[in-house]
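One file, coords25.pdb, is given below (PDB, C-alpha atoms).
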MODEL        1
ATOM      1  CA  MET A1367     -29.023   3.686  19.403
ATOM      2  CA  LYS A1368     -27.527   6.466  17.290
ATOM      3  CA  ALA A1369     -23.801   6.969  17.405
ATOM      4  CA  THR A1370     -21.629   9.504  15.659
ATOM      5  CA  VAL A1371     -17.937   8.979  15.071
ATOM      6  CA  LEU A1372     -15.753  11.999  14.394
ATOM      7  CA  VAL A1373     -12.484  11.080  12.712
ATOM      8  CA  ARG A1374      -9.800  13.761  12.586
ATOM      9  CA  PRO A1375      -6.273  13.946  11.220
ATOM     10  CA  LYS A1376      -3.952  13.878  14.241
ATOM     11  CA  PRO A1377      -2.148  17.093  15.157
ATOM     12  CA  GLY A1378       1.009  17.502  13.115
ATOM     13  CA  ILE A1379      -0.238  15.313  10.282
ATOM     14  CA  LEU A1380      -0.142  17.155   6.992
ATOM     15  CA  ASP A1381      -3.689  17.804   5.798
ATOM     16  CA  PRO A1382      -3.502  19.114   2.224
ATOM     17  CA  GLN A1383      -7.297  19.205   1.931
ATOM     18  CA  GLY A1384      -7.495  21.412   5.009
ATOM     19  CA  GLU A1385      -4.772  23.674   3.632
ATOM     20  CA  ALA A1386      -6.605  24.056   0.312
ATOM     21  CA  VAL A1387      -9.848  24.908   2.106
ATOM     22  CA  GLU A1388      -8.075  27.349   4.412
ATOM     23  CA  SER A1389      -6.571  29.153   1.443
ATOM     24  CA  SER A1390      -9.974  29.309  -0.313
ATOM     25  CA  LEU A1391     -11.616  30.726   2.818
ATOM     26  CA  ARG A1392      -8.914  33.393   3.031
ATOM     27  CA  GLN A1393      -9.506  34.294  -0.599
ATOM     28  CA  LEU A1394     -13.162  34.786   0.284
ATOM     29  CA  GLY A1395     -12.075  37.271   2.932
ATOM     30  CA  PHE A1396     -12.506  35.120   6.032
ATOM     31  CA  ALA A1397      -9.874  35.440   8.735
ATOM     32  CA  VAL A1398      -9.079  31.754   9.081
ATOM     33  CA  ALA A1399      -5.853  30.674  10.741
ATOM     34  CA  ASP A1400      -6.235  26.934  10.225
ATOM     35  CA  ALA A1401      -8.588  24.390   8.698
ATOM     36  CA  ARG A1402      -8.437  20.639   9.228
ATOM     37  CA  ILE A1403     -10.706  18.184   7.470
ATOM     38  CA  GLY A1404     -11.905  14.959   9.017
ATOM     39  CA  ARG A1405     -14.848  12.650   8.564
ATOM     40  CA  VAL A1406     -18.205  12.061  10.220
ATOM     41  CA  VAL A1407     -19.713   8.567  10.409
ATOM     42  CA  ASP A1408     -23.306   8.358  11.635
ATOM     43  CA  LEU A1409     -24.263   4.908  12.839
ATOM     44  CA  GLU A1410     -27.375   3.154  14.056
ATOM     45  CA  VAL A1411     -26.070   0.569  16.513
ATOM     46  CA  GLU A1412     -27.959  -2.302  18.037
ATOM     47  CA  ALA A1413     -26.882  -2.570  21.648
ATOM     48  CA  SER A1414     -28.495  -3.215  25.034
ATOM     49  CA  ASP A1415     -27.215  -0.021  26.638
ATOM     50  CA  ALA A1416     -24.960   2.972  26.076
ATOM     51  CA  ALA A1417     -21.876   1.297  27.509
ATOM     52  CA  ALA A1418     -22.273  -1.692  25.219
ATOM     53  CA  ALA A1419     -22.862   0.606  22.229
ATOM     54  CA  ARG A1420     -19.766   2.629  23.025
ATOM     55  CA  ALA A1421     -17.648  -0.511  23.365
ATOM     56  CA  GLU A1422     -18.941  -1.777  20.028
ATOM     57  CA  VAL A1423     -18.237   1.523  18.251
ATOM     58  CA  GLU A1424     -14.755   1.629  19.824
ATOM     59  CA  ARG A1425     -14.056  -1.719  18.177
ATOM     60  CA  MET A1426     -15.373  -0.414  14.846
ATOM     61  CA  CYS A1427     -13.031   2.562  15.101
ATOM     62  CA  ARG A1428     -10.008   0.445  15.870
ATOM     63  CA  GLN A1429     -10.694  -2.139  13.183
ATOM     64  CA  LEU A1430     -11.895   0.031  10.324
ATOM     65  CA  LEU A1431     -13.169   3.559  10.815
ATOM     66  CA  ALA A1432      -9.891   5.217  11.805
ATOM     67  CA  ASN A1433      -6.233   4.567  11.094
ATOM     68  CA  PRO A1434      -4.504   5.077  14.458
ATOM     69  CA  LEU A1435      -1.267   6.098  12.766
ATOM     70  CA  ILE A1436      -2.737   9.297  11.350
ATOM     71  CA  GLU A1437      -6.237   9.735  12.768
ATOM     72  CA  SER A1438      -7.870  10.276  16.134
ATOM     73  CA  TYR A1439     -11.539   9.563  16.774
ATOM     74  CA  GLU A1440     -14.270  10.682  19.089
ATOM     75  CA  ILE A1441     -17.515   8.828  19.746
ATOM     76  CA  GLU A1442     -20.787  10.576  20.539
ATOM     77  CA  LEU A1443     -23.850   8.588  21.594
ATOM     78  CA  GLN A1444     -27.334  10.033  21.397
TER      79      GLN A1444
ATOM     80  CA  MET B 513       2.678 -17.616 -20.627
ATOM     81  CA  SER B 514       5.920 -19.361 -19.894
ATOM     82  CA  ALA B 515       5.287 -22.903 -18.768
ATOM     83  CA  SER B 516       8.501 -23.365 -16.860
ATOM     84  CA  GLY B 517       8.658 -20.135 -14.850
ATOM     85  CA  PRO B 518       7.548 -19.881 -11.232
ATOM     86  CA  ARG B 519       3.817 -19.346 -10.742
ATOM     87  CA  ILE B 520       3.027 -15.923  -9.333
ATOM     88  CA  ALA B 521      -0.514 -14.881  -8.456
ATOM     89  CA  VAL B 522      -1.903 -11.459  -9.392
ATOM     90  CA  VAL B 523      -4.990 -10.584  -7.342
ATOM     91  CA  THR B 524      -7.770  -8.661  -9.074
ATOM     92  CA  PHE B 525      -9.908  -6.500  -6.773
ATOM     93  CA  PRO B 526     -13.028  -4.703  -8.005
ATOM     94  CA  GLY B 527     -11.321  -1.632  -9.454
ATOM     95  CA  SER B 528      -7.854  -3.059 -10.116
ATOM     96  CA  ASN B 529      -6.650  -1.823 -13.483
ATOM     97  CA  ASP B 530      -3.018  -2.862 -13.677
ATOM     98  CA  ASP B 531      -3.677  -6.540 -13.069
ATOM     99  CA  ARG B 532      -3.385  -7.471 -16.755
ATOM    100  CA  ASP B 533      -0.218  -5.421 -17.145
ATOM    101  CA  ALA B 534       1.269  -7.159 -14.117
ATOM    102  CA  LEU B 535       0.377 -10.580 -15.552
ATOM    103  CA  ASP B 536       1.859  -9.607 -18.940
ATOM    104  CA  ALA B 537       5.046  -8.263 -17.358
ATOM    105  CA  LEU B 538       5.521 -11.423 -15.266
ATOM    106  CA  ASP B 539       5.018 -13.611 -18.330
ATOM    107  CA  LEU B 540       7.364 -11.441 -20.407
ATOM    108  CA  LEU B 541      10.069 -11.847 -17.773
ATOM    109  CA  GLY B 542       9.797 -15.626 -17.606
ATOM    110  CA  ALA B 543       7.321 -16.224 -14.800
ATOM    111  CA  SER B 544       3.854 -17.650 -15.127
ATOM    112  CA  GLY B 545       1.263 -15.121 -13.990
ATOM    113  CA  VAL B 546      -1.822 -16.642 -12.362
ATOM    114  CA  PRO B 547      -4.924 -14.429 -12.122
ATOM    115  CA  VAL B 548      -6.739 -14.660  -8.776
ATOM    116  CA  TRP B 549     -10.155 -13.096  -8.141
ATOM    117  CA  HIS B 550     -10.562 -11.165  -4.869
ATOM    118  CA  ALA B 551     -13.384 -13.448  -3.715
ATOM    119  CA  GLU B 552     -11.135 -16.529  -3.726
ATOM    120  CA  LYS B 553     -10.627 -17.821  -0.214
ATOM    121  CA  ARG B 554      -7.513 -19.746  -1.113
ATOM    122  CA  LEU B 555      -4.512 -18.944  -3.221
ATOM    123  CA  PRO B 556      -3.661 -21.418  -5.966
ATOM    124  CA  ASP B 557      -0.304 -23.172  -5.783
ATOM    125  CA  VAL B 558       1.987 -20.165  -6.306
ATOM    126  CA  ALA B 559       5.437 -19.077  -5.175
ATOM    127  CA  GLY B 560       4.627 -15.378  -4.997
ATOM    128  CA  VAL B 561       1.796 -12.850  -5.032
ATOM    129  CA  VAL B 562       1.463  -9.454  -6.689
ATOM    130  CA  LEU B 563      -1.210  -6.995  -5.563
ATOM    131  CA  PRO B 564      -1.593  -4.717  -8.582
ATOM    132  CA  GLY B 565      -2.327  -1.041  -9.028
ATOM    133  CA  GLY B 566      -5.615   0.660  -9.650
ATOM    134  CA  PHE B 567      -8.370   0.896  -7.081
ATOM    135  CA  ALA B 568     -10.109  -1.544  -4.760
ATOM    136  CA  TYR B 569     -13.703  -1.509  -3.532
ATOM    137  CA  GLY B 570     -13.911   2.169  -4.454
ATOM    138  CA  ASP B 571     -11.161   2.857  -1.922
ATOM    139  CA  TYR B 572     -13.923   4.221   0.294
ATOM    140  CA  LEU B 573     -12.948   5.443   3.751
ATOM    141  CA  ARG B 574      -9.207   5.170   3.053
ATOM    142  CA  CYS B 575      -7.331   3.566   0.152
ATOM    143  CA  GLY B 576      -7.169  -0.161   0.751
ATOM    144  CA  ALA B 577      -9.242  -0.009   3.944
ATOM    145  CA  ILE B 578     -12.033  -2.218   2.604
ATOM    146  CA  ALA B 579      -9.909  -4.439   0.335
ATOM    147  CA  ARG B 580      -7.991  -5.570   3.357
ATOM    148  CA  PHE B 581     -11.015  -7.614   4.469
ATOM    149  CA  SER B 582     -11.515  -9.417   1.145
ATOM    150  CA  PRO B 583     -11.287 -13.229   1.201
ATOM    151  CA  ALA B 584      -8.200 -13.189  -1.040
ATOM    152  CA  MET B 585      -6.431 -10.829   1.358
ATOM    153  CA  GLN B 586      -6.974 -13.213   4.261
ATOM    154  CA  ALA B 587      -5.230 -15.846   2.147
ATOM    155  CA  VAL B 588      -2.456 -13.399   1.197
ATOM    156  CA  ALA B 589      -1.906 -12.537   4.872
ATOM    157  CA  GLU B 590      -1.519 -16.226   5.705
ATOM    158  CA  PHE B 591       0.820 -16.684   2.753
ATOM    159  CA  ALA B 592       2.942 -13.741   3.917
ATOM    160  CA  ALA B 593       2.969 -14.984   7.510
ATOM    161  CA  GLY B 594       4.416 -18.247   6.212
ATOM    162  CA  GLY B 595       7.269 -16.358   4.556
ATOM    163  CA  GLY B 596       5.635 -16.108   1.112
ATOM    164  CA  LEU B 597       6.768 -13.377  -1.279
ATOM    165  CA  VAL B 598       4.248 -10.553  -1.687
ATOM    166  CA  LEU B 599       4.765  -7.435  -3.810
ATOM    167  CA  GLY B 600       2.229  -4.608  -3.609
ATOM    168  CA  ILE B 601       2.302  -2.014  -6.366
ATOM    169  CA  CYS B 602       0.558   1.356  -5.891
ATOM    170  CA  ASN B 603      -2.949   0.416  -4.700
ATOM    171  CA  GLY B 604      -1.471  -2.942  -3.708
ATOM    172  CA  PHE B 605       0.980  -1.059  -1.469
ATOM    173  CA  GLN B 606      -1.942   0.839   0.080
ATOM    174  CA  VAL B 607      -3.794  -2.420   0.727
ATOM    175  CA  LEU B 608      -0.726  -4.012   2.367
ATOM    176  CA  CYS B 609      -0.311  -1.013   4.683
ATOM    177  CA  GLU B 610      -3.978  -1.080   5.681
ATOM    178  CA  ALA B 611      -3.717  -4.827   6.248
ATOM    179  CA  GLY B 612      -0.822  -4.269   8.629
ATOM    180  CA  LEU B 613       1.519  -6.352   6.467
ATOM    181  CA  LEU B 614       3.653  -3.282   5.808
ATOM    182  CA  PRO B 615       4.428  -0.345   8.105
ATOM    183  CA  GLY B 616       3.098   3.165   7.613
ATOM    184  CA  THR B 617       0.201   4.371   5.530
ATOM    185  CA  LEU B 618      -0.438   6.268   2.308
ATOM    186  CA  ARG B 619      -2.155   9.637   2.215
ATOM    187  CA  PRO B 620      -3.241  12.120  -0.465
ATOM    188  CA  ASN B 621      -0.321  13.694  -2.329
ATOM    189  CA  GLU B 622       0.922  16.892  -0.738
ATOM    190  CA  SER B 623      -0.055  18.805  -3.894
ATOM    191  CA  LEU B 624      -3.498  17.137  -3.993
ATOM    192  CA  SER B 625      -2.762  16.556  -7.713
ATOM    193  CA  PHE B 626      -2.829  13.193  -9.401
ATOM    194  CA  LEU B 627       0.729  12.542 -10.588
ATOM    195  CA  CYS B 628       1.513  10.580 -13.727
ATOM    196  CA  ARG B 629       5.138  10.652 -14.892
ATOM    197  CA  ASP B 630       8.503   8.959 -14.721
ATOM    198  CA  VAL B 631      10.430   9.362 -11.484
ATOM    199  CA  VAL B 632      13.977   8.426 -10.553
ATOM    200  CA  LEU B 633      14.341   6.057  -7.612
ATOM    201  CA  ARG B 634      17.449   5.321  -5.574
ATOM    202  CA  VAL B 635      17.992   1.777  -4.346
ATOM    203  CA  GLU B 636      18.599   1.919  -0.594
ATOM    204  CA  GLY B 637      18.591  -1.769   0.142
ATOM    205  CA  ALA B 638      19.662  -4.388  -2.377
ATOM    206  CA  ASP B 639      19.337  -7.208   0.115
ATOM    207  CA  THR B 640      15.614  -7.821  -0.316
ATOM    208  CA  PRO B 641      14.287 -10.472  -2.713
ATOM    209  CA  PHE B 642      12.778  -7.658  -4.785
ATOM    210  CA  THR B 643      15.988  -5.686  -5.218
ATOM    211  CA  SER B 644      18.466  -8.553  -5.514
ATOM    212  CA  ARG B 645      19.069  -7.571  -9.162
ATOM    213  CA  CYS B 646      19.958  -4.014  -8.159
ATOM    214  CA  THR B 647      23.007  -2.497  -6.531
ATOM    215  CA  PRO B 648      22.864  -0.116  -3.553
ATOM    216  CA  GLY B 649      22.650   3.479  -4.757
ATOM    217  CA  GLN B 650      21.533   2.426  -8.238
ATOM    218  CA  ARG B 651      19.106   4.827  -9.954
ATOM    219  CA  LEU B 652      15.971   3.369 -11.519
ATOM    220  CA  THR B 653      13.563   5.224 -13.793
ATOM    221  CA  VAL B 654      10.024   3.969 -13.202
ATOM    222  CA  PRO B 655       6.663   5.722 -13.701
ATOM    223  CA  ILE B 656       4.283   6.760 -10.949
ATOM    224  CA  LYS B 657       0.549   7.392 -11.361
ATOM    225  CA  HIS B 658      -1.230   8.084  -8.125
ATOM    226  CA  GLY B 659      -3.287  10.559  -6.161
ATOM    227  CA  GLU B 660      -2.530   9.096  -2.744
ATOM    228  CA  GLY B 661       1.117   8.139  -2.658
ATOM    229  CA  CYS B 662       2.325  10.220   0.253
ATOM    230  CA  TRP B 663       3.731   7.567   2.556
ATOM    231  CA  PHE B 664       3.592   8.458   6.237
ATOM    232  CA  ALA B 665       5.176   7.095   9.400
ATOM    233  CA  ASP B 666       5.740   9.031  12.600
ATOM    234  CA  ALA B 667       9.299   9.888  13.604
ATOM    235  CA  GLU B 668       9.622   6.917  15.939
ATOM    236  CA  LEU B 669       8.411   4.391  13.377
ATOM    237  CA  LEU B 670      10.562   5.911  10.624
ATOM    238  CA  ALA B 671      13.657   5.697  12.833
ATOM    239  CA  GLU B 672      12.882   2.066  13.597
ATOM    240  CA  LEU B 673      12.429   1.246   9.903
ATOM    241  CA  GLU B 674      15.659   3.037   8.997
ATOM    242  CA  ALA B 675      17.501   1.099  11.703
ATOM    243  CA  LYS B 676      16.071  -2.198  10.496
ATOM    244  CA  ARG B 677      16.815  -1.271   6.874
ATOM    245  CA  GLN B 678      13.208  -1.594   5.790
ATOM    246  CA  ILE B 679      13.321   1.487   3.554
ATOM    247  CA  VAL B 680      14.063  -0.083   0.178
ATOM    248  CA  LEU B 681      13.648   2.681  -2.417
ATOM    249  CA  ARG B 682      13.628   6.467  -2.180
ATOM    250  CA  TYR B 683      12.632   9.161  -4.643
ATOM    251  CA  GLU B 684      15.515  11.259  -5.958
ATOM    252  CA  GLN B 685      13.085  14.172  -6.099
ATOM    253  CA  ASN B 686      10.121  13.702  -3.816
ATOM    254  CA  PRO B 687       6.975  13.969  -5.964
ATOM    255  CA  ASN B 688       4.244  13.514  -3.363
ATOM    256  CA  GLY B 689       5.438  14.575   0.087
ATOM    257  CA  SER B 690       6.356  11.097   1.337
ATOM    258  CA  ILE B 691       8.162  11.197   4.669
ATOM    259  CA  GLY B 692      11.870  10.507   4.157
ATOM    260  CA  ASP B 693      11.372  10.482   0.345
ATOM    261  CA  VAL B 694      10.244   6.878   0.796
ATOM    262  CA  ALA B 695       9.025   5.111  -2.350
ATOM    263  CA  ALA B 696       9.169   1.496  -1.105
ATOM    264  CA  VAL B 697       9.237  -0.281   2.232
ATOM    265  CA  CYS B 698       9.522  -3.945   3.129
ATOM    266  CA  SER B 699       8.396  -6.074   6.040
ATOM    267  CA  GLU B 700      10.760  -6.930   8.843
ATOM    268  CA  HIS B 701      11.710 -10.249   7.235
ATOM    269  CA  GLY B 702      11.852  -8.724   3.764
ATOM    270  CA  ASN B 703       9.381 -11.091   2.116
ATOM    271  CA  VAL B 704       6.719  -8.398   1.657
ATOM    272  CA  MET B 705       7.428  -5.153  -0.193
ATOM    273  CA  GLY B 706       5.234  -2.302  -1.358
ATOM    274  CA  LEU B 707       6.071   0.554  -3.703
ATOM    275  CA  MET B 708       4.102   3.393  -5.274
ATOM    276  CA  PRO B 709       5.948   3.402  -8.653
ATOM    277  CA  HIS B 710       4.913   0.863 -11.284
ATOM    278  CA  PRO B 711       7.669  -1.596 -12.232
ATOM    279  CA  GLU B 712       5.233  -3.461 -14.503
ATOM    280  CA  HIS B 713       5.001  -0.334 -16.690
ATOM    281  CA  ALA B 714       8.761  -0.250 -17.174
ATOM    282  CA  VAL B 715       9.642  -3.616 -18.651
ATOM    283  CA  ASP B 716       9.817  -2.791 -22.370
ATOM    284  CA  PRO B 717      12.019  -0.221 -24.171
ATOM    285  CA  LEU B 718       8.890   0.926 -26.020
ATOM    286  CA  LEU B 719       7.549   2.191 -22.685
ATOM    287  CA  GLY B 720      10.630   4.335 -22.093
ATOM    288  CA  SER B 721      12.419   2.286 -19.452
ATOM    289  CA  THR B 722      13.149  -1.302 -18.574
ATOM    290  CA  ASP B 723      14.279  -0.561 -15.024
ATOM    291  CA  GLY B 724      11.053  -1.943 -13.573
ATOM    292  CA  ALA B 725      12.094  -5.357 -14.867
ATOM    293  CA  LEU B 726      14.900  -5.413 -12.292
ATOM    294  CA  ILE B 727      12.359  -5.357  -9.468
ATOM    295  CA  LEU B 728      10.099  -7.985 -11.030
ATOM    296  CA  GLU B 729      13.074 -10.174 -11.991
ATOM    297  CA  GLY B 730      14.158 -10.083  -8.361
ATOM    298  CA  LEU B 731      10.720 -11.317  -7.340
ATOM    299  CA  ILE B 732      10.755 -13.988 -10.041
ATOM    300  CA  ALA B 733      14.237 -15.238  -9.102
ATOM    301  CA  ALA B 734      13.216 -15.475  -5.448
ATOM    302  CA  ALA B 735       9.977 -17.210  -6.408
ATOM    303  CA  ARG B 736      11.925 -19.676  -8.527
ATOM    304  CA  ALA B 737      14.169 -20.448  -5.565
ATOM    305  CA  ALA B 738      11.109 -20.801  -3.350
ATOM    306  CA  SER B 739       9.129 -23.133  -5.617
ATOM    307  CA  PRO B 740       7.381 -25.075  -4.209
ATOM    308  CA  PRO B 741       6.265 -22.148  -2.085
ATOM    309  CA  LEU B 742       8.128 -21.135   1.032
ATOM    310  CA  ALA B 743       4.843 -21.498   2.847
ATOM    311  CA  LYS B 744       4.649 -23.190   6.195
ATOM    312  CA  ALA B 745       8.292 -22.318   6.811
ATOM    313  CA  ALA B 746       8.713 -20.417   9.973
ATOM    314  CA  ALA B 747       9.376 -16.803   9.167
ATOM    315  CA  PRO B 748       6.490 -14.583  10.158
ATOM    316  CA  VAL B 749       6.141 -11.165   8.575
TER     317      VAL B 749
ENDMDL
END

Could I get this structure in the form of structure tokens?
Amino acid sequence: MKATVLVRPKPGILDPQGEAVESSLRQLGFAVADARIGRVVDLEVEASDAAAARAEVERMCRQLLANPLIESYEIELQ
Amino acid sequence: MSASGPRIAVVTFPGSNDDRDALDALDLLGASGVPVWHAEKRLPDVAGVVLPGGFAYGDYLRCGAIARFSPAMQAVAEFAAGGGLVLGICNGFQVLCEAGLLPGTLRPNESLSFLCRDVVLRVEGADTPFTSRCTPGQRLTVPIKHGEGCWFADAELLAELEAKRQIVLRYEQNPNGSIGDVAAVCSEHGNVMGLMPHPEHAVDPLLGSTDGALILEGLIAAARAASPPLAKAAAPV
């Protein structure tokens, strides 16, 4: 089963990469008010069903893929 | 290597680059540095551990996120849980935060620039093993060299750490955006400390400062007092 994890900096967390990208986009003439940069992790998970896959990916997020202090995550199953 | 000094392990991860400097500094200051490879499942008989600067496992995902699962780190976590002295420098600090042995986490510098220069640190707490040679409010000149040294804790955690006096060193002039100007934090029981600046690069007048020696001498004195290791005593991290 394919799973995608979206990891984002939590609201309020300084994101210097996002700020640099926002300023570059403005220089290019785009009307951008904010840019935040996260991470996408595409996974192929072996699991019996969607619920089991989601539970497994949740564990991956908590143990490694995201740092709960600064990042939130979202899991999408396909 | 000094034969009589306390044995202090320096763990080498794939990508560590200050491990030799840490070993040299420990030996120079009267300890006996013991190199330990990251794949070792057990620590040798040592009275302290240094996690050196550099990089670890490519620092993929987040700095220290992968190193935390190395066999040597499992042993270091057990050592720390038994009250053992652990000092993490730069990347070592990042690894200790990811491993949950120290509070907070380290993020890219606010400026996104790699910083490499001397900074002035203020000693906040002189009651840790690592700062026992310092006095509160003392200024130390020690170099930094990092791209991800912006320490972060949310307001609640920071307040808790301030109350428990776990903020050990602060920058006089914040170079990287660290919350609360924090340069070093320690564990609740004080036996684990991490700092972004490099004390091992400030132990010889030729390098511009010997203030880093105060930190390492604190570790060495505590390790000497703890030899044979504190291990198995009761104090958890």

Could you spell out the hits of the PyMOL selection byres ((chain A) within 8 of (chain B)) on the shown file, as a CSV table (one decimal) with C-alpha atoms, in the frame of the given file?
chain,number,residue,atom,x,y,z
A,1380,LEU,CA,-0.1,17.2,7.0
A,1382,PRO,CA,-3.5,19.1,2.2
A,1383,GLN,CA,-7.3,19.2,1.9
A,1430,LEU,CA,-11.9,0.0,10.3
A,1431,LEU,CA,-13.2,3.6,10.8
A,1435,LEU,CA,-1.3,6.1,12.8

Give me the residues within 10 Å of A:Leu1372 as a ChimeraX atom specification, counting only C-alpha atoms and dropping any in the same chain fewer than 3 places off.
/A:1369,1404-1408,1427,1431-1432,1437-1442

Compute the distance from (8.2, -11.1, -11.2) to each atom, counting all atoms listed in the file, keep the residues with any atom at most 10 Å away, and return them as a ChimeraX atom specification; use the coordinates of the file.
/B:517-521,534-535,537-545,560-562,599,642,711-712,724-736

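Once B:Leu627 and its same-chain neighbours fewer than 4 positions away are set aside, Ile656, Lys657, His658 and Gly659 of chain B remain within 7 Å of it when counting only C-alpha atoms.
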
Could you save the residues just selected, with C-alpha atoms, as a JSON list (two decimals), in the frame of the given file?
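part17.json written:
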[["chain", "number", "residue", "atom", "x", "y", "z"],
["B", 656, "ILE", "CA", 4.28, 6.76, -10.95],
["B", 657, "LYS", "CA", 0.55, 7.39, -11.36],
["B", 658, "HIS", "CA", -1.23, 8.08, -8.12],
["B", 659, "GLY", "CA", -3.29, 10.56, -6.16]]

For the point (-3.6, -9.8, -14.5) in file coordinates, what residues are within 8 Å, counting all atoms listed in the file? Give the answer as a short mmCIF file (atom, residue, chain, number, x, y, z; two decimals) with C-alpha atoms, keeping the file's coordinate frame?
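Dumped to part-v7.cif:
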data_model
loop_
_atom_site.label_atom_id
_atom_site.label_comp_id
_atom_site.auth_asym_id
_atom_site.auth_seq_id
_atom_site.Cartn_x
_atom_site.Cartn_y
_atom_site.Cartn_z
CA VAL B 522 -1.90 -11.46 -9.39
CA VAL B 523 -4.99 -10.58 -7.34
CA THR B 524 -7.77 -8.66 -9.07
CA ASP B 530 -3.02 -2.86 -13.68
CA ASP B 531 -3.68 -6.54 -13.07
CA ARG B 532 -3.38 -7.47 -16.76
CA ASP B 533 -0.22 -5.42 -17.14
CA ALA B 534 1.27 -7.16 -14.12
CA LEU B 535 0.38 -10.58 -15.55
CA ASP B 536 1.86 -9.61 -18.94
CA GLY B 545 1.26 -15.12 -13.99
CA VAL B 546 -1.82 -16.64 -12.36
CA PRO B 547 -4.92 -14.43 -12.12
#
